[in-house]
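Engineer: Structure: data21.txt, compact mmCIF, C-alpha atoms.
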```txt
# COMPACT_ATOMS: atom_id res chain seq x y z
CA MET A 1416 65.56 63.40 152.16
CA SER A 1417 63.59 66.56 152.69
CA ASP A 1418 62.29 67.15 156.16
CA ASN A 1419 60.25 70.16 155.23
CA ILE A 1420 57.02 68.16 154.94
CA ASN A 1421 55.52 68.19 158.39
CA PHE A 1422 53.66 64.88 158.41
CA LYS A 1423 52.61 65.21 162.02
CA ASP A 1424 51.04 68.55 161.35
CA LEU A 1425 49.12 67.26 158.35
CA TRP A 1426 48.15 64.11 160.23
CA ASN A 1427 46.58 66.04 163.08
CA LYS A 1428 44.42 68.14 160.80
CA GLN A 1429 42.21 65.18 160.02
CA ILE A 1430 39.27 65.54 162.34
CA SER A 1431 35.95 63.86 162.79
CA ILE A 1432 33.10 64.85 165.03
CA ALA A 1433 32.83 62.34 167.84
CA PRO A 1434 29.26 61.15 168.26
CA ASN A 1435 27.67 61.58 171.66
CA PRO A 1436 28.92 58.74 173.90
CA ASP A 1437 25.40 58.22 175.25
CA ASN A 1438 24.27 57.16 171.78
CA LEU A 1439 27.11 54.68 171.61
CA ILE A 1440 26.24 53.14 174.97
CA PHE A 1441 22.63 52.88 173.88
CA GLU A 1442 23.69 51.10 170.69
CA ILE A 1443 25.97 48.73 172.63
CA LYS A 1444 23.08 47.67 174.80
CA LYS A 1445 20.91 47.11 171.73
CA LEU A 1446 23.64 45.07 170.06
CA LYS A 1447 24.14 42.93 173.14
CA LYS A 1448 20.44 42.18 173.30
CA SER A 1449 20.23 41.16 169.65
CA ASN A 1450 23.28 38.88 169.96
CA LEU A 1451 21.76 37.21 172.99
CA LYS A 1452 18.47 36.80 171.19
CA LYS A 1453 20.18 35.00 168.32
CA LEU A 1454 22.00 32.65 170.68
CA VAL A 1455 18.82 31.85 172.62
CA LEU A 1456 16.80 31.31 169.44
CA THR A 1457 19.24 28.81 167.95
CA ASN A 1458 19.43 26.89 171.17
CA LEU A 1459 15.70 27.08 171.70
CA LEU A 1460 15.02 25.39 168.38
CA LEU A 1461 17.34 22.49 169.20
CA ILE A 1462 16.09 22.17 172.75
CA ALA A 1463 12.48 22.14 171.52
CA THR A 1464 13.27 19.33 169.07
CA SER A 1465 14.96 17.28 171.79
CA VAL A 1466 12.07 17.87 174.16
CA SER A 1467 9.54 16.72 171.58
CA ILE A 1468 11.57 13.54 170.98
CA ILE A 1469 11.59 12.85 174.70
CA LEU A 1470 7.84 13.43 174.76
CA ILE A 1471 7.43 10.89 171.97
CA TRP A 1472 9.40 8.46 174.09
CA MET A 1473 7.14 9.04 177.06
CA TYR A 1474 3.85 8.86 175.21
CA PHE A 1475 4.49 6.12 172.68
CA GLN A 1476 6.56 3.94 175.03
CA PRO A 1477 8.94 2.34 172.52
CA GLN A 1478 9.44 -1.38 173.14
CA LEU A 1479 12.68 -2.11 171.35
CA LEU A 1480 16.13 -1.14 172.56
CA SER A 1481 17.01 0.03 169.04
CA THR A 1482 14.38 2.78 169.24
CA LYS A 1483 15.73 4.01 172.56
CA ILE A 1484 19.30 4.02 171.30
CA GLY A 1485 18.10 5.83 168.17
CA ILE A 1486 16.47 8.55 170.26
CA LEU A 1487 19.61 8.93 172.38
CA LEU A 1488 21.79 9.25 169.28
CA ILE A 1489 19.55 11.95 167.80
CA ILE A 1490 19.61 13.92 171.04
CA LEU A 1491 23.38 13.46 171.30
CA ALA A 1492 23.79 14.81 167.76
CA MET A 1493 21.85 17.90 168.71
CA VAL A 1494 23.69 18.41 171.98
CA ILE A 1495 27.03 18.22 170.16
CA PHE A 1496 25.86 20.70 167.57
CA LEU A 1497 24.60 23.00 170.29
CA PHE A 1498 27.83 22.72 172.22
CA ALA A 1499 29.97 23.46 169.17
CA TYR A 1500 27.82 26.43 168.23
CA ASN A 1501 28.09 27.95 171.69
CA GLU A 1502 31.77 27.09 171.95
CA SER A 1503 32.63 29.08 168.85
CA TYR A 1504 31.56 32.14 170.81
CA SER A 1505 33.89 31.47 173.69
CA LEU A 1506 37.00 30.71 171.60
CA PHE A 1507 37.70 34.42 171.68
CA LYS A 1508 38.94 35.18 175.13
CA ASN A 1509 37.74 38.49 176.44
CA ASN A 1510 41.11 40.08 177.02
CA MET A 1511 42.52 38.83 173.72
CA ASN A 1512 42.12 42.08 171.85
CA SER A 1513 44.29 44.04 174.25
CA GLN A 1514 47.40 42.01 173.41
CA SER A 1515 50.13 43.32 171.15
CA ASN A 1516 49.41 43.03 167.42
CA SER A 1517 51.84 40.16 166.97
CA ASP A 1518 50.43 38.10 169.86
CA TYR A 1519 46.92 38.87 168.70
CA LEU A 1520 47.60 37.64 165.18
CA LYS A 1521 49.17 34.45 166.51
CA ASP A 1522 46.09 33.78 168.64
CA LEU A 1523 43.75 34.53 165.76
CA LEU A 1524 45.60 32.07 163.54
CA ALA A 1525 45.40 29.39 166.23
CA ILE A 1526 41.67 30.00 166.64
CA LYS A 1527 41.04 29.81 162.91
CA ALA A 1528 42.92 26.50 162.67
CA LYS A 1529 40.84 25.16 165.54
CA GLN A 1530 37.62 26.36 163.93
CA LYS A 1531 38.60 24.67 160.68
CA PHE A 1532 39.16 21.34 162.45
CA MET A 1533 36.08 21.67 164.63
CA GLY A 1534 33.82 22.62 161.76
CA LYS A 1535 34.65 19.51 159.79
CA THR A 1536 34.74 17.08 162.73
CA ILE A 1537 31.58 18.33 164.34
CA LEU A 1538 29.65 18.34 161.10
CA ASN A 1539 30.71 14.76 160.30
CA LEU A 1540 29.86 13.61 163.79
CA TYR A 1541 26.51 15.36 163.64
CA PHE A 1542 25.52 13.70 160.38
CA ILE A 1543 26.68 10.22 161.44
CA LEU A 1544 24.88 10.37 164.77
CA LEU A 1545 21.72 11.85 163.29
CA SER A 1546 21.53 9.38 160.39
CA SER A 1547 22.19 6.28 162.47
CA GLY A 1548 19.84 7.58 165.15
CA ILE A 1549 17.01 8.02 162.66
CA GLY A 1550 17.74 4.61 161.11
CA LEU A 1551 17.52 2.85 164.47
CA TYR A 1552 14.54 4.84 165.63
CA MET A 1553 12.49 3.93 162.58
CA TYR A 1554 13.06 0.20 162.91
CA GLU A 1555 10.41 -0.47 165.52
CA TYR A 1556 7.66 1.33 163.63
CA THR A 1557 8.56 0.04 160.18
CA SER A 1558 8.78 -3.53 161.47
CA ARG A 1559 5.03 -3.33 162.08
CA MET A 1560 4.39 -2.24 158.52
CA LYS A 1561 3.93 -4.47 155.48
CA PRO A 1562 7.34 -5.31 153.94
CA LEU A 1563 6.73 -3.19 150.85
CA TRP A 1564 5.89 -0.10 152.90
CA ALA A 1565 8.81 -0.73 155.19
CA ILE A 1566 11.16 -0.86 152.21
CA ILE A 1567 9.67 2.33 150.76
CA THR A 1568 9.94 4.13 154.08
CA TYR A 1569 13.55 3.08 154.58
CA GLY A 1570 14.30 3.77 150.93
CA ILE A 1571 13.08 7.35 151.10
CA THR A 1572 14.87 7.96 154.38
CA SER A 1573 18.09 6.48 152.98
CA ILE A 1574 17.89 8.70 149.91
CA TRP A 1575 17.45 11.71 152.14
CA ILE A 1576 20.38 10.65 154.34
CA LEU A 1577 22.60 9.95 151.31
CA TYR A 1578 21.68 13.31 149.83
CA ASN A 1579 22.70 14.94 153.09
CA TRP A 1580 25.93 13.00 153.34
CA PHE A 1581 27.12 13.26 149.76
CA TYR A 1582 25.75 16.62 148.79
CA LEU A 1583 24.87 18.90 151.70
CA ARG A 1584 27.66 17.86 154.06
CA PRO A 1585 30.59 18.30 151.62
CA LYS A 1586 29.06 21.52 150.37
CA GLN A 1587 28.80 22.90 153.89
CA ILE A 1588 32.33 21.77 154.77
CA LYS A 1589 33.72 23.31 151.61
CA LYS A 1590 31.93 26.57 152.23
CA GLN A 1591 33.39 26.77 155.73
CA LYS A 1592 36.83 25.81 154.51
CA VAL A 1593 36.96 28.36 151.70
CA LYS A 1594 35.92 31.11 154.05
CA LEU A 1595 38.39 30.12 156.76
CA ASP A 1596 41.26 29.52 154.32
CA GLU A 1597 40.80 32.97 152.90
CA ILE A 1598 40.90 34.54 156.35
CA ILE A 1599 43.86 32.40 157.43
CA SER A 1600 45.91 33.38 154.40
CA LYS A 1601 45.18 37.05 155.05
CA PHE A 1602 46.23 36.73 158.68
CA GLU A 1603 49.36 34.89 157.63
CA MET A 1604 50.17 37.71 155.27
CA LEU A 1605 49.82 40.18 158.15
CA ASN A 1606 51.94 37.97 160.36
CA MET A 1607 54.70 37.94 157.76
CA GLN A 1608 54.88 41.71 157.97
CA LEU A 1609 55.91 41.39 161.60
CA LYS A 1610 59.05 39.47 160.80
CA MET B 1444 38.13 54.11 188.37
CA LEU B 1445 38.45 55.52 184.90
CA LEU B 1446 35.43 57.14 183.40
CA PHE B 1447 34.37 55.94 180.00
CA GLU B 1448 33.22 59.41 178.94
CA GLU B 1449 36.61 60.91 179.73
CA ILE B 1450 38.48 58.23 177.80
CA TYR B 1451 36.04 58.61 174.97
CA LYS B 1452 36.59 62.35 174.78
CA SER B 1453 40.36 62.22 174.96
CA TYR B 1454 40.86 59.29 172.60
CA TRP B 1455 38.12 59.50 169.98
CA GLN B 1456 40.12 61.73 167.56
CA LYS B 1457 43.30 59.72 168.01
CA ILE B 1458 41.60 56.41 167.39
CA PHE B 1459 39.68 57.84 164.48
CA ARG B 1460 42.92 59.01 162.84
CA LEU B 1461 44.52 55.62 163.40
CA CYS B 1462 41.56 53.89 161.72
CA MET B 1463 41.50 56.52 158.99
CA GLY B 1464 45.20 55.89 158.30
CA TYR B 1465 44.40 52.20 158.08
CA VAL B 1466 41.37 52.30 155.76
CA ASN B 1467 41.31 55.86 154.31
CA ASP B 1468 37.53 55.80 154.26
CA HIS B 1469 35.75 58.27 156.47
CA SER B 1470 32.62 56.29 157.31
CA LEU B 1471 34.44 52.97 157.64
CA ALA B 1472 36.97 54.63 159.95
CA GLN B 1473 34.09 55.93 162.06
CA ASP B 1474 32.64 52.44 162.28
CA LEU B 1475 36.00 51.00 163.32
CA THR B 1476 36.42 53.72 165.92
CA GLN B 1477 32.99 52.94 167.28
CA GLU B 1478 33.76 49.24 167.46
CA THR B 1479 36.94 50.04 169.35
CA PHE B 1480 35.02 52.01 171.94
CA ILE B 1481 32.44 49.24 172.21
CA ILE B 1482 35.27 46.90 173.23
CA VAL B 1483 36.75 49.54 175.54
CA TRP B 1484 33.36 50.00 177.19
CA GLN B 1485 32.94 46.26 177.67
CA GLN B 1486 36.42 45.67 179.09
CA LEU B 1487 36.97 48.83 181.06
CA PRO B 1488 35.52 47.47 184.31
CA LYS B 1489 38.22 44.78 184.33
CA PHE B 1490 41.06 47.10 183.33
CA ARG B 1491 43.49 47.92 186.14
CA ASP B 1492 46.72 49.21 184.62
CA GLU B 1493 45.70 52.86 184.51
CA ALA B 1494 49.17 54.17 183.73
CA ASN B 1495 49.15 52.34 180.43
CA ILE B 1496 45.65 53.17 179.29
CA GLY B 1497 46.95 54.57 175.99
CA THR B 1498 48.81 51.38 175.08
CA TRP B 1499 45.73 49.39 175.98
CA ILE B 1500 43.36 51.42 173.82
CA PHE B 1501 45.73 51.60 170.86
CA ARG B 1502 46.22 47.86 171.02
CA ILE B 1503 42.48 47.28 170.95
CA ALA B 1504 42.06 49.75 168.10
CA SER B 1505 44.89 48.37 165.95
CA ASN B 1506 43.84 44.77 166.55
CA ASN B 1507 40.33 45.71 165.56
CA CYS B 1508 41.68 47.22 162.34
CA LEU B 1509 43.68 44.06 161.64
CA ARG B 1510 40.59 41.95 162.14
CA GLN B 1511 38.60 44.11 159.81
CA ILE B 1512 39.41 41.79 156.89
CA GLU B 1513 37.54 39.02 158.64
CA LYS B 1514 34.28 40.69 159.45
CA GLN B 1515 32.43 42.20 156.59
CA SER B 1516 28.98 42.26 158.09
CA ARG B 1517 29.32 40.82 161.54
CA PHE B 1518 28.47 44.05 163.26
CA PRO B 1519 25.31 45.64 161.99
CA LYS B 1520 26.04 49.19 160.94
CA VAL B 1521 24.98 51.57 163.63
CA ASP B 1522 23.24 54.68 162.43
CA LEU B 1523 24.21 57.50 164.65
CA PRO B 1524 22.37 60.76 164.27
CA LEU B 1525 25.62 62.69 164.18
CA ASN B 1526 26.70 60.93 161.01
CA LEU B 1527 24.60 63.56 159.30
CA ALA B 1528 26.66 66.37 160.76
CA GLU B 1529 29.75 64.61 159.53
CA GLU B 1530 28.53 64.89 155.94
CA LYS B 1531 28.90 68.63 156.17
CA HIS B 1532 32.50 68.24 157.16
CA PRO B 1533 34.50 70.95 155.33
CA ASN B 1534 36.67 69.84 152.47
CA ILE B 1535 40.04 69.07 153.86
CA GLU B 1536 43.24 70.19 152.24
CA PRO B 1537 44.39 68.03 149.35
CA GLN B 1538 47.72 67.54 151.14
CA ILE B 1539 46.02 65.95 154.15
CA LYS B 1540 44.01 63.73 151.85
CA PHE B 1541 47.16 62.74 150.02
CA LEU B 1542 48.97 61.85 153.25
CA TYR B 1543 46.15 59.55 154.37
CA LYS B 1544 45.96 58.02 150.90
CA CYS B 1545 49.70 57.29 150.94
CA ILE B 1546 49.51 55.74 154.40
CA ALA B 1547 46.56 53.54 153.46
CA GLU B 1548 48.61 52.22 150.54
CA LEU B 1549 51.36 50.92 152.84
CA PRO B 1550 51.37 47.30 154.14
CA GLU B 1551 48.96 46.92 157.07
CA ILE B 1552 51.47 46.78 159.91
CA GLU B 1553 53.36 49.79 158.54
CA ARG B 1554 50.10 51.73 158.47
CA ILE B 1555 49.65 51.10 162.17
CA ILE B 1556 53.25 51.96 163.02
CA ILE B 1557 53.34 55.25 161.12
CA SER B 1558 49.89 56.26 162.40
CA LEU B 1559 51.05 55.79 165.98
CA GLU B 1560 54.29 57.66 165.27
CA LEU B 1561 52.42 60.60 163.76
CA GLU B 1562 50.12 60.53 166.78
CA ASP B 1563 53.25 61.31 168.85
CA ILE B 1564 53.33 57.98 170.64
CA LYS B 1565 56.76 57.13 172.07
CA GLN B 1566 58.63 54.50 170.08
CA ALA B 1567 58.93 52.29 173.16
CA GLU B 1568 55.15 52.34 173.43
CA ILE B 1569 54.68 51.63 169.72
CA ALA B 1570 56.94 48.62 170.20
CA LYS B 1571 54.65 47.43 173.00
CA ILE B 1572 51.52 47.97 170.95
CA VAL B 1573 52.76 46.22 167.83
CA GLY B 1574 54.88 43.57 169.54
CA LEU B 1575 58.20 44.26 167.85
CA SER B 1576 61.50 45.42 169.37
CA GLU B 1577 62.09 49.13 169.78
CA ALA B 1578 65.10 48.99 167.45
CA ASN B 1579 62.99 47.33 164.80
CA ILE B 1580 60.30 49.99 165.17
CA ARG B 1581 62.88 52.76 164.85
CA VAL B 1582 64.20 51.31 161.60
CA LYS B 1583 60.70 50.76 160.25
CA ILE B 1584 59.59 54.31 161.06
CA HIS B 1585 62.65 55.69 159.32
CA ARG B 1586 61.92 53.65 156.19
CA ILE B 1587 58.22 54.49 156.14
CA LYS B 1588 58.99 58.19 156.44
CA GLU B 1589 61.39 57.90 153.53
CA LYS B 1590 58.69 56.18 151.49
CA LEU B 1591 56.18 58.90 152.32
CA THR B 1592 58.62 61.71 151.55
CA GLN B 1593 59.38 60.03 148.24
CA LYS B 1594 55.69 59.86 147.40
CA PHE B 1595 55.19 63.49 148.36
CA THR B 1596 58.09 64.76 146.27
CA ASN B 1597 56.93 62.70 143.29
CA HIS B 1598 53.44 64.05 143.78
CA GLU B 1599 54.56 67.68 143.84
CA ARG B 1600 56.45 67.40 140.56
```
Go through the file and emit its structure as structure tokens.

Structural biologist:
Amino acid sequence: MSDNINFKDLWNKQISIAPNPDNLIFEIKKLKKSNLKKLVLTNLLLIATSVSIILIWMYFQPQLLSTKIGILLIILAMVIFLFAYNESYSLFKNNMNSQSNSDYLKDLLAIKAKQKFMGKTILNLYFILLSSGIGLYMYEYTSRMKPLWAIITYGITSIWILYNWFYLRPKQIKKQKVKLDEIISKFEMLNMQLK
Amino acid sequence: MLLFEEIYKSYWQKIFRLCMGYVNDHSLAQDLTQETFIIVWQQLPKFRDEANIGTWIFRIASNNCLRQIEKQSRFPKVDLPLNLAEEKHPNIEPQIKFLYKCIAELPEIERIIISLELEDIKQAEIAKIVGLSEANIRVKIHRIKEKLTQKFTNHER
């Protein structure tokens, strides 16, 4: 083995001009703001929908219990979605990235497994609650319609719900799964190198 | 209280080289270095163990490199004005280029270990950063250096 190649010397000759730290701090603040904006926007949309449903409740004064339960289920679906979305941000503990590489990889793998489970469970729960909520909610209003119109209304809604359940939901779950599986296998490969 | 600017000045080159050893791509390495300092900036107020600041920063940097496979576009690319100056960077010696190329071809964890070794980090500290025993690190460094020497001698022929 020849020791005449001075790796350290070569290594240290690689230099890069460090950008002004003030620029970096400025960019950090910008990044923080845009992340916050995204979080607020997503939540705002869901909150606005829930608020408008509550307003419907107050103004139209539903008579039947089924309508009220329907409304509650829809709101619950949204709250769960909202909670899961916000939770995925807090899975990463703040001090996690200052652990040793091996501990960090273990934590990342655990988080990915959790995300995989959560993604599927939450999405299923969301669709079930939303669909049954809509179905119950509609009953009071369709019961006042002529039978033919009631059937058409329920028919169209059912088609839409079935389309969601059998097409959109599995597609979304699969998309999440493929992405997570790919990341998990890469992290596992890295973890193997630490044996 | 540690000053961010001071840490930034004394560690930028080191972290850049670590990232460069990991990805062997100048602009990507700069991005990774920047991301590292973003995390450092965010967590510095809570950091107390001042004697081990190096271990702390290198852990953040190497973990960030490891996570690079996960995030392709999670962080929007930050356009810093000085990236322009970097373009004019003088052509570096082919030997330096070759060293970084060889390192980037190693398995990921080995890239981190050899980068830290070449950065003159004590083996006990490397062990703490990576999370392996010191004996294990010593053996690994020896093997990686052999690999590199082999590549260099083959290259020169």

Engineer: Closest to chain B among A:Phe1542, A:Phe1581, A:Phe1602, A:Phe1475, using all atoms listed in the file?

Structural biologist: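 So, comparing all the options, the nearest one is A:Phe1602.
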
Engineer: Need the shell around region 1446-1454 of chain B: protein/DNA/RNA residues with any atom at most 8 Å away, counting only C-alpha atoms. Skip same-chain ones fewer than 3 positions apart. Format as number ranges by chain?

Structural biologist: A: 1433, 1436; B: 1457-1458, 1480, 1484, 1487

Engineer: Report, in Å to a single decimal, how far apart CA of Gly1464 (chain B) and CA of Tyr1543 (chain B) are.

Structural biologist: 5.5 Å

Engineer: If you count all atoms listed in the file, which residues fall within 10 Å of Glu1603 (chain A), apart from same-chain ones fewer than 5 positions away, as a VMD selection string?

Structural biologist: chain A and resid 1520 to 1521 1523 to 1524 1597 to 1598 1608

Engineer: Could I get the residues of chain A with an atom no further than 9 Å from an atom of chain B, each paired with its nearest atom pair and that distance in Å to one decimal, using only C-alpha atoms, sorted by chain and residue number, as CSV?

Structural biologist:
```
residue,atom,partner,partner_atom,distance
A:Met1416,CA,B:Glu1589,CA,7.0
A:Ser1417,CA,B:Thr1592,CA,7.0
A:Asp1418,CA,B:Thr1592,CA,8.0
A:Ile1420,CA,B:Thr1592,CA,7.5
A:Phe1422,CA,B:Leu1561,CA,7.0
A:Lys1423,CA,B:Leu1561,CA,4.9
A:Asp1424,CA,B:Leu1561,CA,8.4
A:Leu1425,CA,B:Ile1539,CA,5.4
A:Trp1426,CA,B:Leu1561,CA,6.6
A:Asn1427,CA,B:Glu1562,CA,7.5
A:Lys1428,CA,B:Ile1539,CA,7.2
A:Gln1429,CA,B:Arg1460,CA,6.8
A:Ile1430,CA,B:Gln1456,CA,6.5
A:Ser1431,CA,B:Gln1456,CA,6.7
A:Ile1432,CA,B:Glu1529,CA,6.4
A:Ala1433,CA,B:Trp1455,CA,6.4
A:Pro1434,CA,B:Leu1525,CA,5.7
A:Asn1435,CA,B:Leu1525,CA,7.8
A:Pro1436,CA,B:Glu1448,CA,6.7
A:Asp1437,CA,B:Glu1448,CA,8.7
A:Asn1438,CA,B:Leu1523,CA,7.1
A:Leu1439,CA,B:Gln1477,CA,7.5
A:Ile1440,CA,B:Ile1481,CA,7.8
A:Glu1442,CA,B:Val1521,CA,7.2
A:Ile1443,CA,B:Ile1481,CA,6.5
A:Leu1446,CA,B:Pro1519,CA,8.3
A:Asn1509,CA,B:Gln1486,CA,7.8
A:Asn1510,CA,B:Gln1486,CA,7.6
A:Met1511,CA,B:Ile1503,CA,8.9
A:Asn1512,CA,B:Ile1503,CA,5.3
A:Ser1513,CA,B:Ile1503,CA,5.0
A:Gln1514,CA,B:Arg1502,CA,6.4
A:Ser1515,CA,B:Ile1572,CA,4.9
A:Asn1516,CA,B:Val1573,CA,4.6
A:Ser1517,CA,B:Gly1574,CA,5.2
A:Asp1518,CA,B:Gly1574,CA,7.1
A:Tyr1519,CA,B:Asn1506,CA,7.0
A:Leu1520,CA,B:Asn1506,CA,8.2
A:Leu1523,CA,B:Arg1510,CA,8.8
A:Glu1597,CA,B:Glu1513,CA,9.0
A:Ile1598,CA,B:Glu1513,CA,6.1
A:Lys1601,CA,B:Ile1512,CA,7.7
A:Phe1602,CA,B:Leu1509,CA,8.3
A:Leu1605,CA,B:Glu1551,CA,6.9
A:Asn1606,CA,B:Ile1552,CA,8.8
A:Gln1608,CA,B:Ile1552,CA,6.4
A:Leu1609,CA,B:Ile1552,CA,7.2
A:Lys1610,CA,B:Leu1575,CA,8.6
```

Engineer: I'd like the interatomic distance between CA of Lys1589 (chain A) and CA of Lys1529 (chain A), to a tenth of an Å.

Structural biologist: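 Result for CA of Lys1589 (chain A) versus CA of Lys1529 (chain A): 15.8 Å, one decimal.
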
Engineer: Report, in Å to a single decimal, how far apart CA of Leu1459 (chain A) and CA of Phe1498 (chain A) are.

Structural biologist: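 It comes out at 12.9 Å.
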
Engineer: Env of Gln1591 (chain A): 9 Å cut, atoms = only C-alpha atoms, seq-sep filter 4 positions within chain, self excluded. Answer as a PyMOL selection string.

Structural biologist: chain A and resi 1531+1534-1535+1586-1587+1595-1596

Engineer: For Tyr1556 (chain A), which residue among A:Leu1479, A:Leu1460, A:Ile1469, A:Met1493 is the nearest when counting all atoms listed in the file?

Structural biologist: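 With all atoms listed in the file as the atom set, the closest residue is A:Leu1479.
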
Engineer: Could you check which of A:Leu1551, A:Leu1577, A:Ala1499, A:Met1604 is closest to Phe1532 (chain A), using only C-alpha atoms?

Structural biologist: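 Smallest separation from Phe1532 (chain A) among the options: A:Ala1499.
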
Engineer: Please list as a list in words every residue within 9 Å of Tyr1554 (chain A), counting all atoms listed in the file and excluding residues in the same chain fewer than 5 positions away.

Structural biologist: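 The contact residues come out as Leu1479, Ser1481, Thr1482, Ile1549, Arg1559, Ala1565 and Tyr1569 of chain A.
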